[in-house]
$ cat run23.cif   # mmCIF, C-alpha atoms
data_structure
#
loop_
_atom_site.label_atom_id
_atom_site.label_comp_id
_atom_site.auth_asym_id
_atom_site.auth_seq_id
_atom_site.Cartn_x
_atom_site.Cartn_y
_atom_site.Cartn_z
CA MET C 12 -29.06 10.44 6.88
CA ILE C 13 -30.86 9.21 3.76
CA GLY C 14 -27.68 9.66 1.70
CA ILE C 15 -25.66 7.62 4.19
CA GLU C 16 -28.27 4.86 4.23
CA CYS C 17 -28.31 4.74 0.42
CA ALA C 18 -24.52 4.55 0.30
CA SER C 19 -24.53 1.73 2.87
CA ALA C 20 -27.17 -0.16 0.89
CA ALA C 21 -25.14 0.25 -2.30
CA GLY C 22 -22.05 -1.07 -0.55
CA ALA C 23 -24.00 -4.08 0.75
CA ARG C 24 -25.25 -4.88 -2.75
CA LYS C 25 -21.74 -4.67 -4.11
CA GLU C 26 -20.51 -6.93 -1.32
CA ASP C 27 -23.08 -9.53 -2.36
CA ALA C 28 -21.79 -9.25 -5.93
CA LEU C 29 -18.23 -9.66 -4.61
CA ARG C 30 -19.20 -12.85 -2.82
CA ASP C 31 -20.74 -14.20 -6.02
CA THR C 32 -17.64 -13.28 -8.01
CA LEU C 33 -15.30 -15.00 -5.56
CA ALA C 34 -17.51 -18.08 -5.42
CA SER C 35 -17.40 -18.32 -9.21
CA LEU C 36 -13.57 -18.35 -9.16
CA GLY C 37 -13.50 -21.49 -7.03
CA SER C 38 -10.04 -21.02 -5.56
CA VAL C 39 -7.94 -17.87 -5.16
CA ILE C 40 -4.50 -16.62 -4.21
CA VAL C 41 -4.97 -13.17 -2.67
CA ALA C 42 -2.11 -10.68 -3.03
CA TYR C 43 -2.33 -9.65 0.61
CA SER C 44 -0.34 -6.71 1.95
CA GLY C 45 -2.47 -6.19 5.04
CA GLY C 46 -3.71 -2.83 3.76
CA VAL C 47 -7.36 -1.75 3.75
CA ASP C 48 -8.30 -3.29 0.40
CA SER C 49 -6.37 -6.55 0.43
CA ALA C 50 -7.35 -7.29 4.04
CA TYR C 51 -11.03 -6.87 3.22
CA LEU C 52 -10.69 -8.98 0.07
CA ALA C 53 -8.86 -11.74 1.95
CA TYR C 54 -11.50 -11.66 4.70
CA VAL C 55 -14.42 -12.08 2.27
CA ALA C 56 -12.56 -14.68 0.21
CA ASN C 57 -11.95 -16.68 3.38
CA GLU C 58 -15.64 -16.47 4.29
CA ILE C 59 -16.73 -17.71 0.87
CA LEU C 60 -13.99 -20.15 -0.11
CA GLY C 61 -12.45 -21.25 3.19
CA ASP C 62 -9.24 -23.25 2.62
CA ARG C 63 -9.51 -22.54 -1.11
CA ALA C 64 -8.53 -18.93 -0.38
CA VAL C 65 -4.89 -18.30 0.49
CA ALA C 66 -3.67 -14.84 1.49
CA VAL C 67 -0.06 -14.43 0.41
CA THR C 68 2.16 -11.64 1.71
CA ALA C 69 5.29 -10.74 -0.26
CA ASP C 70 8.05 -9.78 2.14
CA SER C 71 10.83 -7.66 0.64
CA PRO C 72 13.06 -4.69 1.56
CA SER C 73 10.44 -2.25 0.23
CA TYR C 74 7.72 -3.68 2.49
CA PRO C 75 7.58 -1.95 5.91
CA GLU C 76 7.96 -4.23 8.91
CA ARG C 77 4.94 -2.57 10.53
CA HIS C 78 2.74 -3.68 7.63
CA ARG C 79 4.05 -7.22 7.75
CA LEU C 80 3.22 -7.47 11.45
CA LEU C 81 -0.26 -6.06 10.80
CA ALA C 82 -0.87 -8.57 8.00
CA VAL C 83 0.20 -11.44 10.26
CA ARG C 84 -1.98 -10.24 13.12
CA ILE C 85 -5.10 -9.87 10.99
CA ALA C 86 -4.56 -13.28 9.41
CA HIS C 87 -4.25 -14.83 12.86
CA ASP C 88 -7.20 -13.00 14.40
CA PHE C 89 -9.57 -13.73 11.51
CA GLY C 90 -8.44 -17.26 10.75
CA LEU C 91 -7.08 -16.55 7.29
CA ARG C 92 -4.98 -19.15 5.55
CA HIS C 93 -1.80 -17.11 5.27
CA GLU C 94 1.61 -17.59 3.68
CA ILE C 95 4.61 -15.27 3.47
CA ILE C 96 6.98 -15.45 0.51
CA ARG C 97 10.19 -13.59 -0.21
CA THR C 98 10.31 -11.53 -3.40
CA GLY C 99 13.45 -10.13 -4.98
CA GLU C 100 12.49 -6.98 -6.85
CA LEU C 101 15.56 -5.23 -5.42
CA ASP C 102 17.69 -7.81 -7.24
CA ARG C 103 16.32 -6.52 -10.55
CA ALA C 104 18.41 -3.79 -12.15
CA GLU C 105 15.31 -2.31 -13.79
CA TYR C 106 13.64 -1.87 -10.42
CA ARG C 107 16.71 -0.43 -8.70
CA ALA C 108 17.07 2.17 -11.49
CA ASN C 109 13.67 3.50 -10.37
CA PRO C 110 12.14 4.42 -13.74
CA GLU C 111 8.69 5.95 -13.96
CA ASN C 112 7.22 2.46 -14.40
CA ARG C 113 9.11 1.02 -11.42
CA CYS C 114 5.89 -0.49 -10.08
CA TYR C 115 5.64 -2.64 -13.19
CA TYR C 116 8.84 -4.49 -12.26
CA CYS C 117 7.72 -4.87 -8.64
CA LYS C 118 4.37 -6.35 -9.64
CA HIS C 119 5.98 -8.49 -12.33
CA GLU C 120 8.18 -10.03 -9.63
CA LEU C 121 5.20 -10.54 -7.33
CA TYR C 122 2.90 -12.05 -9.95
CA THR C 123 5.64 -14.35 -11.20
CA HIS C 124 5.65 -15.97 -7.76
CA LEU C 125 1.89 -15.88 -7.20
CA SER C 126 1.10 -17.27 -10.65
CA ARG C 127 3.33 -20.26 -9.99
CA MET C 128 1.53 -20.86 -6.72
CA ALA C 129 -1.84 -20.49 -8.42
CA ALA C 130 -0.91 -22.95 -11.17
CA ASP C 131 0.08 -25.56 -8.60
CA ARG C 132 -3.22 -25.11 -6.75
CA GLU C 133 -5.54 -24.55 -9.73
CA ALA C 134 -6.36 -21.11 -8.34
CA VAL C 135 -6.81 -17.57 -9.67
CA VAL C 136 -4.62 -14.68 -8.49
CA VAL C 137 -6.66 -11.73 -7.21
CA ASP C 138 -5.57 -8.31 -5.97
CA GLY C 139 -7.08 -5.45 -3.98
CA ASN C 140 -7.43 -2.78 -6.64
CA ASN C 141 -10.73 -0.96 -6.26
CA ALA C 142 -12.92 1.32 -8.38
CA ASP C 143 -11.15 4.48 -7.16
CA ASP C 144 -7.80 3.25 -8.48
CA ARG C 145 -8.81 3.50 -12.12
CA GLY C 146 -7.76 7.10 -12.72
CA ASP C 147 -4.40 6.98 -10.95
CA TYR C 148 -1.03 6.32 -12.59
CA ARG C 149 -0.46 2.64 -11.81
CA PRO C 150 2.04 0.93 -14.11
CA GLY C 151 1.70 -2.20 -12.00
CA ARG C 152 -1.66 -2.77 -13.66
CA GLN C 153 0.14 -3.71 -16.89
CA ALA C 154 1.82 -6.59 -15.07
CA ALA C 155 -1.53 -7.64 -13.62
CA ARG C 156 -3.02 -7.80 -17.12
CA GLU C 157 -0.07 -9.78 -18.45
CA PHE C 158 -0.49 -12.40 -15.72
CA GLY C 159 -4.28 -12.49 -15.87
CA VAL C 160 -4.72 -11.18 -12.32
CA ARG C 161 -8.32 -10.43 -11.37
CA SER C 162 -9.44 -7.42 -9.33
CA PRO C 163 -12.79 -8.43 -7.79
CA LEU C 164 -13.25 -5.21 -5.79
CA ASP C 165 -12.93 -3.17 -8.97
CA GLU C 166 -15.09 -5.61 -10.94
CA VAL C 167 -18.04 -5.04 -8.61
CA ASN C 168 -17.34 -1.27 -8.48
CA LEU C 169 -16.50 -1.06 -4.78
CA THR C 170 -14.98 2.30 -3.80
CA LYS C 171 -12.44 2.95 -1.06
CA ALA C 172 -15.06 4.57 1.17
CA GLU C 173 -17.37 1.57 0.78
CA ILE C 174 -14.55 -0.86 1.51
CA ARG C 175 -13.69 1.05 4.68
CA GLU C 176 -17.31 0.97 5.85
CA LEU C 177 -17.73 -2.73 5.07
CA SER C 178 -14.42 -3.42 6.83
CA ARG C 179 -15.63 -1.49 9.88
CA ARG C 180 -18.78 -3.58 10.02
CA ALA C 181 -16.71 -6.74 9.74
CA GLY C 182 -14.55 -5.64 12.66
CA LEU C 183 -11.36 -5.41 10.60
CA PRO C 184 -8.85 -3.09 12.31
CA THR C 185 -7.69 -1.85 8.91
CA TRP C 186 -10.93 0.00 8.24
CA ASP C 187 -9.43 3.38 9.19
CA GLU C 188 -5.78 2.65 8.38
CA PRO C 189 -4.12 5.42 6.33
CA ALA C 190 -3.38 4.62 2.70
CA SER C 191 -0.21 2.57 2.39
CA ALA C 192 2.40 2.14 -0.32
CA CYS C 193 5.80 0.52 -0.63
CA LEU C 194 8.78 2.41 0.75
CA SER C 195 10.27 2.81 -2.74
CA SER C 196 7.43 5.21 -3.56
CA ARG C 197 9.16 7.78 -1.33
CA ILE C 198 12.20 7.98 -3.64
CA PRO C 199 12.01 10.30 -6.70
CA TYR C 200 12.09 8.60 -10.08
CA HIS C 201 15.51 7.93 -11.61
CA HIS C 202 17.19 8.00 -8.20
CA ASP C 203 18.42 4.51 -7.38
CA VAL C 204 16.47 2.40 -4.93
CA THR C 205 18.81 0.87 -2.35
CA ASP C 206 18.26 -1.07 0.83
CA GLU C 207 20.04 1.68 2.78
CA LYS C 208 17.61 4.33 1.54
CA LEU C 209 14.62 2.12 2.30
CA ARG C 210 15.78 1.49 5.86
CA THR C 211 16.39 5.23 6.39
CA ILE C 212 12.88 6.03 5.18
CA GLU C 213 11.37 3.32 7.36
CA ARG C 214 13.17 4.58 10.47
CA ALA C 215 12.18 8.19 9.70
CA GLU C 216 8.50 7.30 9.29
CA GLN C 217 8.54 5.26 12.48
CA ALA C 218 9.99 8.28 14.28
CA LEU C 219 7.06 10.42 13.09
CA ARG C 220 4.63 7.70 14.13
CA ASP C 221 6.23 7.59 17.57
CA LEU C 222 5.72 11.36 17.80
CA GLY C 223 1.99 10.82 17.33
CA PHE C 224 1.51 11.63 13.64
CA ARG C 225 -0.88 9.40 11.74
CA VAL C 226 -1.12 10.37 8.07
CA PHE C 227 2.18 11.33 6.47
CA ARG C 228 5.02 10.41 4.12
CA VAL C 229 8.76 11.03 4.28
CA ARG C 230 9.95 11.71 0.73
CA HIS C 231 13.64 10.91 0.35
CA HIS C 232 15.65 13.57 -1.52
CA ASP C 233 19.18 12.36 -0.72
CA GLU C 234 20.24 14.47 2.29
CA VAL C 235 16.82 16.13 2.53
CA ALA C 236 13.73 14.62 4.13
CA ARG C 237 10.62 16.28 2.67
CA ILE C 238 7.80 15.53 5.07
CA GLU C 239 4.19 15.51 3.91
CA ILE C 240 1.71 15.60 6.80
CA ALA C 241 -2.09 15.60 6.63
CA ARG C 242 -3.38 19.18 6.78
CA GLU C 243 -5.33 18.57 9.97
CA GLU C 244 -2.15 17.37 11.68
CA MET C 245 0.13 20.07 10.28
CA PRO C 246 -0.46 22.74 12.96
CA ARG C 247 1.03 20.36 15.52
CA ALA C 248 4.17 20.01 13.41
CA PHE C 249 4.70 23.77 13.74
CA ASP C 250 4.73 23.61 17.53
CA PRO C 251 8.32 24.56 18.43
CA ASP C 252 8.90 21.57 20.69
CA VAL C 253 7.39 19.10 18.22
CA ALA C 254 9.26 20.65 15.29
CA ALA C 255 12.53 20.38 17.22
CA ALA C 256 11.80 16.72 18.00
CA ILE C 257 11.07 15.99 14.32
CA VAL C 258 14.34 17.57 13.23
CA ARG C 259 16.30 15.79 15.95
CA GLN C 260 14.81 12.37 15.20
CA LEU C 261 15.18 12.59 11.41
CA LYS C 262 18.74 13.84 11.61
CA ALA C 263 19.45 10.91 13.91
CA VAL C 264 18.38 8.44 11.20
CA GLY C 265 20.67 10.05 8.60
CA TYR C 266 19.13 13.17 7.04
CA ARG C 267 21.11 16.41 7.03
CA TYR C 268 18.13 18.68 6.29
CA VAL C 269 14.48 18.29 7.33
CA SER C 270 11.72 20.16 5.48
CA LEU C 271 7.93 20.30 5.80
CA ASP C 272 5.95 20.37 2.54
CA LEU C 273 3.35 23.13 2.90
CA GLN C 274 1.04 21.38 0.43
CA GLY C 275 0.61 18.63 2.97
CA TYR C 276 0.14 14.92 2.46
CA ARG C 277 -1.21 13.67 -0.88
CA THR C 278 -0.86 10.32 -2.55
CA GLY C 279 1.47 10.07 -5.52
CA SER C 280 3.12 13.45 -5.06
CA LEU C 281 6.19 12.21 -6.92
CA ASN C 282 3.96 11.74 -9.97
CA GLU C 283 3.37 15.50 -10.10
CA GLY C 284 6.56 15.95 -12.12
CA LEU C 285 5.27 13.41 -14.64
CA ARG C 286 2.12 15.42 -15.19
CA LEU C 287 4.09 18.63 -15.57
CA ARG C 288 6.32 17.09 -18.27
CA ALA C 289 3.28 15.75 -20.06
CA VAL C 290 1.71 19.20 -20.47
#

$ encode --input "run23.cif" --output "C-alpha cells"
Amino acid sequence: MIGIECASAAGARKEDALRDTLASLGSVIVAYSGGVDSAYLAYVANEILGDRAVAVTADSPSYPERHRLLAVRIAHDFGLRHEIIRTGELDRAEYRANPENRCYYCKHELYTHLSRMAADREAVVVDGNNADDRGDYRPGRQAAREFGVRSPLDEVNLTKAEIRELSRRAGLPTWDEPASACLSSRIPYHHDVTDEKLRTIERAEQALRDLGFRVFRVRHHDEVARIEIAREEMPRAFDPDVAAAIVRQLKAVGYRYVSLDLQGYRTGSLNEGLRLRAV
C-alpha cells in the first residue's frame, strides 16, 4: 500500500510539473491520435491553455477507423478543441517501400503539416512520447527533433503506468486502452505498404475484437496472418470453437493461412529481426 501511495504521489508531482511546462509554452498543437498518452496530454493542455491548445488528429490509410472515432468521442466529451487533417504518407515512395526507418517518413509528413499550423498560430507542436519510450527503436524521434517538437510527458519523466493512473483519475476512457500503433507496423520491413494490405489488417483485427479479444496484433506476412495475443488471453484462442472462428474470419478477409504466435503479444516484434542482425 505504501508503495502504491508513493507512486501516486510521484505521478501527482510530475503532473504539476507538466502543467507548469505547458503553461510556459503558451500555445500548443497536440499531435493527438486518441491513444493513452496523447489523450492525456491533450486533456491537460486543454485544462491549462484552453483555446490555445488544439488537438490535431492526422487521418490517413494507416490510421485505424476505430482510433479516429475514439479520438473524436474523447474530444467531444471533454471539450477539447479538435481538428482532423489528412496526411499523405502513403503518397511517399520512401514510406511505401517500408524501410527500417519507415516511421521517420510518417512523422516527417505529420510534422510538416503540424509545424505549418503552429507557425500560423504562434504555437509549439507537442507529442505524447513518455519516459518509457526512450529505450525503444523509434526513428520517428529524428523527425521530431528536426521539427523542434516537444515531448512534455517525457520532459517531466512521466511513465506509461503513471499516465494510465492519472488518466483514470481524470475519467479518461483511454486509461486502460491497449497500446496502439499504426497499421503499417504490422507489415514486415521491406515489404511494400499498400492500402489493400492496411485494409486487410484492419478488417482482421476488427474480427478478433468482435470475437472478444482485447490485446493482440495481426502481423501481415503476405498470405499468412501471424496473430499475437496477450498470454492471458491465449488459452481462449486454443478453444476449438474459437480457433475455428478465428480461422474462418481471417480467411474471409483475405488470408490463406492463419497462425498463432506462441510467444504471444509484444510490442515491436518486427524489430526483433533488426536486433538479430545487429548482433

$ residues_around --input "run23.cif" --residues "C:Thr185" --least-positions-apart "5" --cutoff "12 Å" --atoms "all atoms listed in the file" --output "MDAnalysis selection string"
chainID C and resid 44:52 54 78 81:82 84:86 174:180 190:191

$ closest_residue --input "run23.cif" --among "C:Leu164, C:Ala192, C:Ile257, C:Ala69" --to "C:Arg220" --atoms "all atoms listed in the file"
C:Ile257

$ residues_around --input "run23.cif" --residues "C:Tyr106" --least-positions-apart "5" --cutoff "9 Å" --atoms "all atoms listed in the file" --output "mmCIF file with C-alpha atoms, in the coordinates of the input"
data_model
loop_
_atom_site.group_PDB
_atom_site.id
_atom_site.type_symbol
_atom_site.label_atom_id
_atom_site.label_comp_id
_atom_site.auth_asym_id
_atom_site.auth_seq_id
_atom_site.Cartn_x
_atom_site.Cartn_y
_atom_site.Cartn_z
ATOM 1 C CA GLU C 100 12.490 -6.980 -6.850
ATOM 2 C CA LEU C 101 15.560 -5.230 -5.420
ATOM 3 C CA ASN C 112 7.220 2.460 -14.400
ATOM 4 C CA ARG C 113 9.110 1.020 -11.420
ATOM 5 C CA CYS C 114 5.890 -0.490 -10.080
ATOM 6 C CA TYR C 115 5.640 -2.640 -13.190
ATOM 7 C CA TYR C 116 8.840 -4.490 -12.260
ATOM 8 C CA CYS C 117 7.720 -4.870 -8.640
ATOM 9 C CA ASP C 203 18.420 4.510 -7.380
ATOM 10 C CA VAL C 204 16.470 2.400 -4.930
#

$ resolve_selection --input "run23.cif" --expression "the PyMOL selection byres ((chain C and resi 64) around 10)" --output "list in words"
Leu33, Gly37, Ser38, Val39, Ile40, Val41, Ala53, Tyr54, Val55, Ala56, Asn57, Glu58, Ile59, Leu60, Gly61, Asp62, Arg63, Val65, Ala66, Val67, Leu91, Arg92, His93, Ala134, Val135 and Val136 of chain C

$ write_last_selection --input "run23.cif" --atoms "C-alpha atoms" --output "PDB file, in the coordinates of the input"
ATOM      1  CA  LEU C  33     -15.300 -15.000  -5.560  1.00  0.00           C
ATOM      2  CA  GLY C  37     -13.500 -21.490  -7.030  1.00  0.00           C
ATOM      3  CA  SER C  38     -10.040 -21.020  -5.560  1.00  0.00           C
ATOM      4  CA  VAL C  39      -7.940 -17.870  -5.160  1.00  0.00           C
ATOM      5  CA  ILE C  40      -4.500 -16.620  -4.210  1.00  0.00           C
ATOM      6  CA  VAL C  41      -4.970 -13.170  -2.670  1.00  0.00           C
ATOM      7  CA  ALA C  53      -8.860 -11.740   1.950  1.00  0.00           C
ATOM      8  CA  TYR C  54     -11.500 -11.660   4.700  1.00  0.00           C
ATOM      9  CA  VAL C  55     -14.420 -12.080   2.270  1.00  0.00           C
ATOM     10  CA  ALA C  56     -12.560 -14.680   0.210  1.00  0.00           C
ATOM     11  CA  ASN C  57     -11.950 -16.680   3.380  1.00  0.00           C
ATOM     12  CA  GLU C  58     -15.640 -16.470   4.290  1.00  0.00           C
ATOM     13  CA  ILE C  59     -16.730 -17.710   0.870  1.00  0.00           C
ATOM     14  CA  LEU C  60     -13.990 -20.150  -0.110  1.00  0.00           C
ATOM     15  CA  GLY C  61     -12.450 -21.250   3.190  1.00  0.00           C
ATOM     16  CA  ASP C  62      -9.240 -23.250   2.620  1.00  0.00           C
ATOM     17  CA  ARG C  63      -9.510 -22.540  -1.110  1.00  0.00           C
ATOM     18  CA  VAL C  65      -4.890 -18.300   0.490  1.00  0.00           C
ATOM     19  CA  ALA C  66      -3.670 -14.840   1.490  1.00  0.00           C
ATOM     20  CA  VAL C  67      -0.060 -14.430   0.410  1.00  0.00           C
ATOM     21  CA  LEU C  91      -7.080 -16.550   7.290  1.00  0.00           C
ATOM     22  CA  ARG C  92      -4.980 -19.150   5.550  1.00  0.00           C
ATOM     23  CA  HIS C  93      -1.800 -17.110   5.270  1.00  0.00           C
ATOM     24  CA  ALA C 134      -6.360 -21.110  -8.340  1.00  0.00           C
ATOM     25  CA  VAL C 135      -6.810 -17.570  -9.670  1.00  0.00           C
ATOM     26  CA  VAL C 136      -4.620 -14.680  -8.490  1.00  0.00           C
TER      27      VAL C 136
END

$ atom_distance --input "run23.cif" --atom1 "atom CA of C:Val253" --atom2 "atom CA of C:Arg214"
17.4 Å

$ resolve_selection --input "run23.cif" --expression "the PyMOL selection byres ((chain C and resi 159) around 12)" --output "PDB file with C-alpha atoms, keeping the file's coordinate frame"
ATOM      1  CA  HIS C 119       5.980  -8.490 -12.330  1.00  0.00           C
ATOM      2  CA  TYR C 122       2.900 -12.050  -9.950  1.00  0.00           C
ATOM      3  CA  THR C 123       5.640 -14.350 -11.200  1.00  0.00           C
ATOM      4  CA  LEU C 125       1.890 -15.880  -7.200  1.00  0.00           C
ATOM      5  CA  SER C 126       1.100 -17.270 -10.650  1.00  0.00           C
ATOM      6  CA  ALA C 129      -1.840 -20.490  -8.420  1.00  0.00           C
ATOM      7  CA  ALA C 130      -0.910 -22.950 -11.170  1.00  0.00           C
ATOM      8  CA  ALA C 134      -6.360 -21.110  -8.340  1.00  0.00           C
ATOM      9  CA  VAL C 135      -6.810 -17.570  -9.670  1.00  0.00           C
ATOM     10  CA  VAL C 136      -4.620 -14.680  -8.490  1.00  0.00           C
ATOM     11  CA  VAL C 137      -6.660 -11.730  -7.210  1.00  0.00           C
ATOM     12  CA  ASP C 138      -5.570  -8.310  -5.970  1.00  0.00           C
ATOM     13  CA  ARG C 152      -1.660  -2.770 -13.660  1.00  0.00           C
ATOM     14  CA  GLN C 153       0.140  -3.710 -16.890  1.00  0.00           C
ATOM     15  CA  ALA C 154       1.820  -6.590 -15.070  1.00  0.00           C
ATOM     16  CA  ALA C 155      -1.530  -7.640 -13.620  1.00  0.00           C
ATOM     17  CA  ARG C 156      -3.020  -7.800 -17.120  1.00  0.00           C
ATOM     18  CA  GLU C 157      -0.070  -9.780 -18.450  1.00  0.00           C
ATOM     19  CA  PHE C 158      -0.490 -12.400 -15.720  1.00  0.00           C
ATOM     20  CA  VAL C 160      -4.720 -11.180 -12.320  1.00  0.00           C
ATOM     21  CA  ARG C 161      -8.320 -10.430 -11.370  1.00  0.00           C
ATOM     22  CA  SER C 162      -9.440  -7.420  -9.330  1.00  0.00           C
TER      23      SER C 162
END

$ closest_residue --input "run23.cif" --among "C:Glu188, C:Pro199, C:Tyr276, C:Leu183" --to "C:Phe227" --atoms "all atoms listed in the file"
C:Tyr276

$ closest_residue --input "run23.cif" --among "C:Glu133, C:Glu173, C:Asp70, C:Asp165" --to "C:Ala20" --atoms "all atoms listed in the file"
C:Glu173

$ atom_distance --input "run23.cif" --atom1 "atom CA of C:Arg97" --atom2 "atom CA of C:Glu120"
10.3 Å

$ residues_around --input "run23.cif" --residues "C:Tyr266" --least-positions-apart "5" --cutoff "8 Å" --atoms "all atoms listed in the file" --output "ChimeraX atom specification"
/C:233-236,261

$ residues_around --input "run23.cif" --residues "stretch 241-244 of chain C" --least-positions-apart "4" --cutoff "10 Å" --atoms "only C-alpha atoms" --output "PDB file with C-alpha atoms, in the coordinates of the input"
ATOM      1  CA  GLY C 223       1.990  10.820  17.330  1.00  0.00           C
ATOM      2  CA  PHE C 224       1.510  11.630  13.640  1.00  0.00           C
ATOM      3  CA  ARG C 225      -0.880   9.400  11.740  1.00  0.00           C
ATOM      4  CA  VAL C 226      -1.120  10.370   8.070  1.00  0.00           C
ATOM      5  CA  PHE C 227       2.180  11.330   6.470  1.00  0.00           C
ATOM      6  CA  ARG C 228       5.020  10.410   4.120  1.00  0.00           C
ATOM      7  CA  ALA C 248       4.170  20.010  13.410  1.00  0.00           C
ATOM      8  CA  PHE C 249       4.700  23.770  13.740  1.00  0.00           C
ATOM      9  CA  LEU C 273       3.350  23.130   2.900  1.00  0.00           C
ATOM     10  CA  GLN C 274       1.040  21.380   0.430  1.00  0.00           C
ATOM     11  CA  GLY C 275       0.610  18.630   2.970  1.00  0.00           C
ATOM     12  CA  TYR C 276       0.140  14.920   2.460  1.00  0.00           C
ATOM     13  CA  ARG C 277      -1.210  13.670  -0.880  1.00  0.00           C
TER      14      ARG C 277
END

$ closest_residue --input "run23.cif" --among "C:Glu239, C:Met245, C:His232, C:His124" --to "C:Glu216" --atoms "all atoms listed in the file"
C:Glu239
